[in-house]
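One file, structure-v3.tsv, is given below (TSV, C-alpha atoms).
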```
chain	number	residue	atom	x	y	z
D	1	MET	CA	-139.25	84.54	53.44
D	2	THR	CA	-140.22	81.07	52.19
D	3	ARG	CA	-137.88	78.10	52.37
D	4	ALA	CA	-137.58	78.06	48.58
D	5	ALA	CA	-136.66	81.75	48.54
D	6	ALA	CA	-134.12	81.24	51.31
D	7	ARG	CA	-132.48	78.44	49.35
D	8	SER	CA	-132.23	80.68	46.28
D	9	GLU	CA	-130.45	83.46	48.17
D	10	PRO	CA	-126.68	83.40	47.53
D	11	HIS	CA	-124.42	82.75	50.50
D	12	VAL	CA	-122.44	85.89	51.24
D	13	PRO	CA	-119.37	85.15	53.41
D	14	SER	CA	-118.87	86.97	56.67
D	15	VAL	CA	-116.64	90.03	56.88
D	16	HIS	CA	-114.77	88.42	59.77
D	17	GLY	CA	-112.84	85.77	57.82
D	18	PRO	CA	-110.44	88.10	55.96
D	19	ARG	CA	-109.72	89.99	59.18
D	20	TRP	CA	-107.65	87.08	60.48
D	21	SER	CA	-106.76	85.15	57.32
D	22	ARG	CA	-104.94	88.11	55.76
D	23	TRP	CA	-102.39	87.81	58.58
D	24	VAL	CA	-101.70	84.22	57.54
D	25	GLY	CA	-101.09	85.44	54.00
D	26	ARG	CA	-98.94	88.27	55.31
D	27	PHE	CA	-96.77	85.79	57.24
D	28	LEU	CA	-96.28	83.73	54.09
D	29	ALA	CA	-95.50	86.81	51.99
D	30	ARG	CA	-93.13	88.51	54.42
D	31	VAL	CA	-91.52	85.70	56.43
D	32	VAL	CA	-91.64	82.50	54.37
D	33	TRP	CA	-90.99	84.39	51.13
D	34	ASP	CA	-89.56	87.85	50.49
D	35	THR	CA	-92.35	89.69	48.74
D	36	HIS	CA	-91.87	93.17	47.34
D	37	VAL	CA	-95.17	95.09	47.15
D	38	THR	CA	-95.72	98.12	44.94
D	39	GLY	CA	-98.79	100.25	44.38
D	40	ALA	CA	-100.75	99.40	47.54
D	41	GLU	CA	-101.47	103.13	47.94
D	42	ARG	CA	-103.41	103.00	44.64
D	43	VAL	CA	-106.06	100.68	46.08
D	44	PRO	CA	-109.32	102.40	47.07
D	45	ARG	CA	-109.78	102.02	50.82
D	46	THR	CA	-113.56	101.96	50.65
D	47	GLY	CA	-116.23	100.89	48.23
D	48	ALA	CA	-116.68	97.87	45.98
D	49	VAL	CA	-113.44	96.66	44.36
D	50	VAL	CA	-112.56	93.65	42.24
D	51	PHE	CA	-108.89	92.63	42.38
D	52	ALA	CA	-108.01	90.92	39.06
D	53	ALA	CA	-104.69	89.05	39.27
D	54	ASN	CA	-102.71	86.79	36.97
D	55	HIS	CA	-102.31	83.17	38.03
D	56	VAL	CA	-99.36	80.78	37.87
D	57	THR	CA	-99.23	78.74	41.13
D	58	LEU	CA	-101.14	77.70	44.24
D	59	LEU	CA	-99.38	80.43	46.22
D	60	ASP	CA	-100.97	83.28	44.27
D	61	GLY	CA	-104.18	83.33	46.33
D	62	PRO	CA	-102.58	83.49	49.78
D	63	LEU	CA	-100.04	85.99	48.44
D	64	LEU	CA	-102.77	88.25	47.09
D	65	ALA	CA	-104.68	88.06	50.39
D	66	GLY	CA	-101.56	88.78	52.43
D	67	THR	CA	-100.34	91.78	50.45
D	68	SER	CA	-103.67	93.49	49.77
D	69	PRO	CA	-104.34	96.57	51.91
D	70	ARG	CA	-107.95	95.37	52.17
D	71	GLY	CA	-109.42	92.12	53.38
D	72	LEU	CA	-110.35	89.95	50.41
D	73	HIS	CA	-112.87	87.27	49.63
D	74	ILE	CA	-111.09	85.33	46.88
D	75	LEU	CA	-112.80	82.99	44.44
D	76	VAL	CA	-111.08	79.60	44.80
D	77	LYS	CA	-111.77	76.44	42.81
D	78	ALA	CA	-114.22	74.13	44.57
D	79	GLU	CA	-111.78	71.21	44.60
D	80	MET	CA	-109.75	73.02	47.27
D	81	PHE	CA	-112.71	72.99	49.68
D	82	ARG	CA	-112.16	69.43	50.89
D	83	GLY	CA	-111.06	68.13	54.27
D	84	PRO	CA	-109.33	70.38	56.80
D	85	LEU	CA	-108.18	72.87	54.15
D	86	GLY	CA	-111.76	73.36	53.05
D	87	ALA	CA	-112.81	74.20	56.59
D	88	VAL	CA	-110.02	76.76	56.84
D	89	LEU	CA	-110.93	78.35	53.49
D	90	ARG	CA	-114.59	78.67	54.50
D	91	ALA	CA	-113.67	80.18	57.85
D	92	ALA	CA	-111.39	82.60	56.00
D	93	GLY	CA	-114.36	83.82	53.97
D	94	GLN	CA	-113.18	82.51	50.62
D	95	ILE	CA	-115.69	81.60	47.91
D	96	PRO	CA	-115.75	78.14	46.25
D	97	VAL	CA	-116.11	78.13	42.47
D	98	ASP	CA	-117.46	75.21	40.48
D	99	ARG	CA	-115.91	76.05	37.13
D	100	THR	CA	-118.64	74.15	35.26
D	101	MET	CA	-121.36	76.18	37.01
D	102	ALA	CA	-119.86	79.36	38.41
D	103	ARG	CA	-122.99	81.47	38.81
D	104	ALA	CA	-123.53	80.64	42.50
D	105	ALA	CA	-119.98	81.80	43.31
D	106	LEU	CA	-120.40	84.96	41.25
D	107	GLN	CA	-123.65	85.78	43.04
D	108	SER	CA	-121.93	85.34	46.42
D	109	ALA	CA	-119.14	87.64	45.28
D	110	VAL	CA	-121.65	90.25	44.06
D	111	GLY	CA	-123.16	90.16	47.55
D	112	VAL	CA	-119.74	91.07	48.96
D	113	LEU	CA	-119.38	93.93	46.48
D	114	ARG	CA	-122.86	95.31	47.16
D	115	ARG	CA	-122.00	95.74	50.82
D	116	GLY	CA	-118.90	97.70	49.78
D	117	GLY	CA	-116.41	94.85	50.13
D	118	ALA	CA	-113.49	93.61	48.05
D	119	VAL	CA	-113.26	90.43	45.96
D	120	GLY	CA	-110.20	88.75	44.48
D	121	ILE	CA	-110.37	86.75	41.26
D	122	PHE	CA	-107.98	85.15	38.78
D	123	PRO	CA	-109.64	85.90	35.43
D	124	GLU	CA	-107.47	83.41	33.53
D	125	GLY	CA	-109.47	80.71	35.31
D	126	THR	CA	-106.60	78.29	35.82
D	127	ARG	CA	-102.87	78.27	36.48
D	128	GLY	CA	-100.83	78.90	33.33
D	129	ARG	CA	-98.13	81.33	32.20
D	130	GLY	CA	-99.92	84.22	33.88
D	131	THR	CA	-99.75	86.51	30.86
D	132	ALA	CA	-103.43	87.56	31.03
D	133	GLU	CA	-103.77	87.11	27.27
D	134	GLN	CA	-106.95	85.05	27.55
D	135	LEU	CA	-109.43	85.87	30.29
D	136	ARG	CA	-112.78	84.48	31.27
D	137	ALA	CA	-115.64	86.89	31.83
D	138	GLY	CA	-115.94	86.47	35.62
D	139	ALA	CA	-114.06	89.61	36.64
D	140	ALA	CA	-115.92	91.70	34.07
D	141	TRP	CA	-119.29	90.27	35.14
D	142	LEU	CA	-118.53	91.08	38.77
D	143	ALA	CA	-117.42	94.62	37.98
D	144	VAL	CA	-120.58	95.35	35.97
D	145	ASN	CA	-123.11	93.64	38.22
D	146	GLY	CA	-121.41	94.67	41.47
D	147	GLU	CA	-120.85	98.25	40.27
D	148	ALA	CA	-117.21	97.92	41.27
D	149	ARG	CA	-113.92	99.39	40.22
D	150	VAL	CA	-111.22	96.93	39.15
D	151	VAL	CA	-107.65	96.90	40.46
D	152	PRO	CA	-105.31	94.91	38.18
D	153	VAL	CA	-102.65	92.95	40.06
D	154	ALA	CA	-99.35	91.56	38.76
D	155	ILE	CA	-97.86	88.59	40.64
D	156	LEU	CA	-94.33	87.60	39.62
D	157	GLY	CA	-91.77	85.05	40.80
D	158	THR	CA	-94.06	82.38	42.23
D	159	ARG	CA	-93.11	80.05	39.39
D	160	ARG	CA	-90.07	80.02	37.14
D	161	THR	CA	-89.68	78.31	33.80
D	162	GLY	CA	-89.57	74.54	34.30
D	163	GLU	CA	-91.13	74.55	37.77
D	164	SER	CA	-94.43	72.84	38.52
D	165	ALA	CA	-97.61	74.90	38.72
D	166	ARG	CA	-98.62	72.68	41.65
D	167	GLY	CA	-95.46	73.37	43.63
D	168	LEU	CA	-94.23	76.24	45.75
D	169	PRO	CA	-91.28	78.57	45.20
D	170	THR	CA	-88.11	78.01	47.20
D	171	LEU	CA	-88.07	79.61	50.64
D	172	ARG	CA	-87.22	83.32	50.85
D	173	ARG	CA	-87.35	83.73	47.09
D	174	ASP	CA	-87.91	87.30	45.92
D	175	LEU	CA	-91.53	87.66	44.82
D	176	VAL	CA	-93.32	90.67	43.38
D	177	VAL	CA	-96.88	91.90	43.83
D	178	GLU	CA	-97.83	95.15	42.10
D	179	PHE	CA	-101.25	96.78	42.35
D	180	GLY	CA	-102.24	98.90	39.38
D	181	HIS	CA	-104.39	101.98	39.21
D	182	PRO	CA	-108.11	101.27	39.67
D	183	VAL	CA	-110.12	101.06	36.48
D	184	ASP	CA	-113.76	102.06	36.18
D	185	VAL	CA	-115.28	99.75	33.55
D	186	ARG	CA	-118.83	101.06	33.80
D	187	THR	CA	-120.38	102.59	30.69
D	188	GLU	CA	-123.73	104.19	29.91
D	189	GLY	CA	-126.09	103.12	27.18
D	190	LEU	CA	-124.87	99.54	26.72
D	191	SER	CA	-126.82	96.36	27.28
D	192	ARG	CA	-125.65	94.24	30.20
D	193	ARG	CA	-124.00	91.75	27.82
D	194	ALA	CA	-122.24	94.49	25.85
D	195	ALA	CA	-121.11	96.12	29.08
D	196	VAL	CA	-119.53	92.85	30.28
D	197	ASP	CA	-117.79	92.38	26.91
D	198	HIS	CA	-116.43	95.92	27.09
D	199	ALA	CA	-115.30	95.45	30.68
D	200	ALA	CA	-113.48	92.23	29.78
D	201	LEU	CA	-111.40	94.05	27.16
D	202	VAL	CA	-110.59	96.90	29.54
D	203	ILE	CA	-109.52	94.46	32.27
D	204	ARG	CA	-107.38	92.40	29.89
D	205	ASP	CA	-105.58	95.51	28.63
D	206	ALA	CA	-105.02	96.85	32.15
D	207	MET	CA	-103.61	93.53	33.38
D	208	SER	CA	-101.38	93.09	30.32
D	209	GLU	CA	-99.96	96.60	30.62
D	210	LEU	CA	-99.30	96.19	34.34
D	211	LEU	CA	-97.59	92.82	33.84
D	212	ALA	CA	-95.35	94.24	31.12
D	213	SER	CA	-94.33	97.27	33.18
D	214	ALA	CA	-93.81	95.22	36.37
D	215	GLN	CA	-91.52	92.77	34.58
D	216	ALA	CA	-89.52	95.59	33.00
D	217	ARG	CA	-89.20	97.43	36.30
D	218	THR	CA	-88.20	94.46	38.47
D	219	GLY	CA	-86.48	92.09	36.05
D	220	VAL	CA	-88.62	89.25	37.46
D	221	ARG	CA	-90.12	87.42	34.49
D	222	LEU	CA	-93.13	85.24	33.98
D	223	PRO	CA	-92.37	81.59	33.16
D	224	GLU	CA	-91.87	80.84	29.49
D	225	ASP	CA	-93.57	77.45	29.59
D	226	ASP	CA	-97.28	76.75	29.97
D	227	PRO	CA	-98.03	73.81	32.30
D	228	ARG	CA	-101.38	73.28	30.59
D	229	ALA	CA	-99.58	72.26	27.41
D	230	THR	CA	-97.98	69.24	29.12
D	231	VAL	CA	-101.11	67.86	30.81
```
Go through the file and emit its structure as structure tokens.
Amino acid sequence: MTRAAARSEPHVPSVHGPRWSRWVGRFLARVVWDTHVTGAERVPRTGAVVFAANHVTLLDGPLLAGTSPRGLHILVKAEMFRGPLGAVLRAAGQIPVDRTMARAALQSAVGVLRRGGAVGIFPEGTRGRGTAEQLRAGAAWLAVNGEARVVPVAILGTRRTGESARGLPTLRRDLVVEFGHPVDVRTEGLSRRAAVDHAALVIRDAMSELLASAQARTGVRLPEDDPRATV
């Protein structure tokens, strides 16, 4: 392989990172906060899977990693990969995303999926109300190009109305993580672009339905305010 070809190959994180980092997330979920997990038995134990979760606070990533029954490589905004935290995130096998040029991160994530691994992504792209009403195409692109099933995930309680999206919930607060039934977004006879568009709609509907049912079941509601509106 030439040097130019080597530079063009996406970096695929090691399988070892999630094996230890998930225990950090589990400590946060179970000890620091009181997280109630539903639907973990629905998650496929093998094969390529994209976990598509709603996003309201910084805690959502560690919470998803700590409650998932599979080790996850989560796409995290590149700004977090600075200083000591950045070193920890890289060692944990997480994937930095430059939101102005996300293709390199998506290619790394596809590499994880093609070896039968699991990837976590927040399709809303940024912290907001977490309603999954508007999604970017990243999760759909990964599902189509990585030939992966999608597990929708509802995360509730990490932020209440009036709280900062940059803050953390009070200690031992009741939090909710619910894993939905896996969705196969693959279709035959569509162009790659049309397949991604179709997958995006399927993922949005699956996330919205799961969020609605999880809120009704638990009584834990999403925040009513959108922090992006006050920036």
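Here atom CA of Thr67 of chain D stands at a distance of 7.3 Å from atom CA of Gly25 of chain D.
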| When you draw a straight line from atom CA of Thr126 of chain D to atom CA of Arg221 of chain D, how long is it in Å? |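 Computing the Euclidean distance for atom CA of Thr126 of chain D and atom CA of Arg221 of chain D yields 18.9 Å.
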| Given the choices D:Pro18, D:Pro152, D:Gly86, D:Gly167, which gets closest to Ile74 of chain D if the distance is worked out from only C-alpha atoms? |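 Closest to Ile74 of chain D of all the choices is D:Pro18.
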Between segment 4-61 of chain D and segment 131-134 of chain D, at 9 Å or less, what are the per-residue closest atom pairs and their distances in Å? Count only C-alpha atoms, order by chain and rising residue number, and return it as CSV.
```
residue,atom,partner,partner_atom,distance
D:Ala53,CA,D:Ala132,CA,8.5
D:Asn54,CA,D:Ala132,CA,6.0
D:His55,CA,D:Thr131,CA,8.3
```
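Using all atoms listed in the file, the residues found no farther than 9 Å from Leu63 of chain D, other than those of its own chain fewer than 4 positions away, are Gly25, Arg26, Leu28, Ala29, Thr35, Leu59, Thr67, Ser68, Ile155 and Val177 of chain D.
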| request: Show me as JSON, numbers by chain the residues that reach within 12 Å of (-95.3, 105.7, 42.3), counting all atoms listed in the file and using the file's own coordinates. | output: {"D": [37, 38, 39, 40, 41, 42, 178, 179, 180, 181, 217]}
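Closest approach to Lys77 of chain D among D:Ser108, D:Thr46, D:Thr100, D:Ser164 is made by D:Thr100 (distances from only C-alpha atoms).
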Please give the centre and size of the box around segment 85-88 of chain D (axis-aligned, containing every atom listed in the file, 4 Å added per side), with values in Å to one decimal and written as lines of an AutoDock Vina configuration file.
```
center_x = -110.5
center_y = 74.8
center_z = 54.9
size_x = 12.6
size_y = 11.9
size_z = 11.8
```
| field | Counting only C-alpha atoms, the option among D:Arg90, D:Arg127, D:His16, D:Arg103 closest to Ala229 of chain D | value |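 Under the stated criterion, the closest residue is D:Arg127.
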| message | Taking all atoms listed in the file into account, name the residue in D:Pro227, D:Pro69, D:Gly146, D:Pro182 that is nearest to Arg45 of chain D. | response | D:Pro69
| query | In file coordinates, which residues lie within 12 Å of (-116.3, 86.4, 47.5) using only C-alpha atoms, given as a VMD selection string? | reply | chain D and resid 10 to 15 17 to 18 48 to 51 71 to 77 89 to 90 92 to 97 104 to 121 138 to 139 142 146
What's the 10 Å shell around Asp34 of chain D, counting all atoms listed in the file, without same-chain residues fewer than 6 positions away, as a tab-separated table (two decimals) with C-alpha atoms, in the coordinates of the input?
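Output saved as result00.tsv:
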```
chain	number	residue	atom	x	y	z
D	28	LEU	CA	-96.28	83.73	54.09
D	171	LEU	CA	-88.07	79.61	50.64
D	172	ARG	CA	-87.22	83.32	50.85
D	173	ARG	CA	-87.35	83.73	47.09
D	174	ASP	CA	-87.91	87.30	45.92
D	175	LEU	CA	-91.53	87.66	44.82
D	176	VAL	CA	-93.32	90.67	43.38
```
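Residue nearest Ala206 of chain D, chosen from D:Ala78, D:Val88, D:Val151, D:Val31 and counting only C-alpha atoms: D:Val151.
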| Residue with smallest distance to Gly61 of chain D - pool D:Arg193, D:Arg228, D:Arg99, D:Arg22, counting all atoms listed in the file |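 Smallest distance to Gly61 of chain D is found for D:Arg22.
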| field | Pairwise distance for atom CA of Arg160 of chain D and atom CA of Glu224 of chain D, rounded to one decimal in Å | value | 7.9 Å
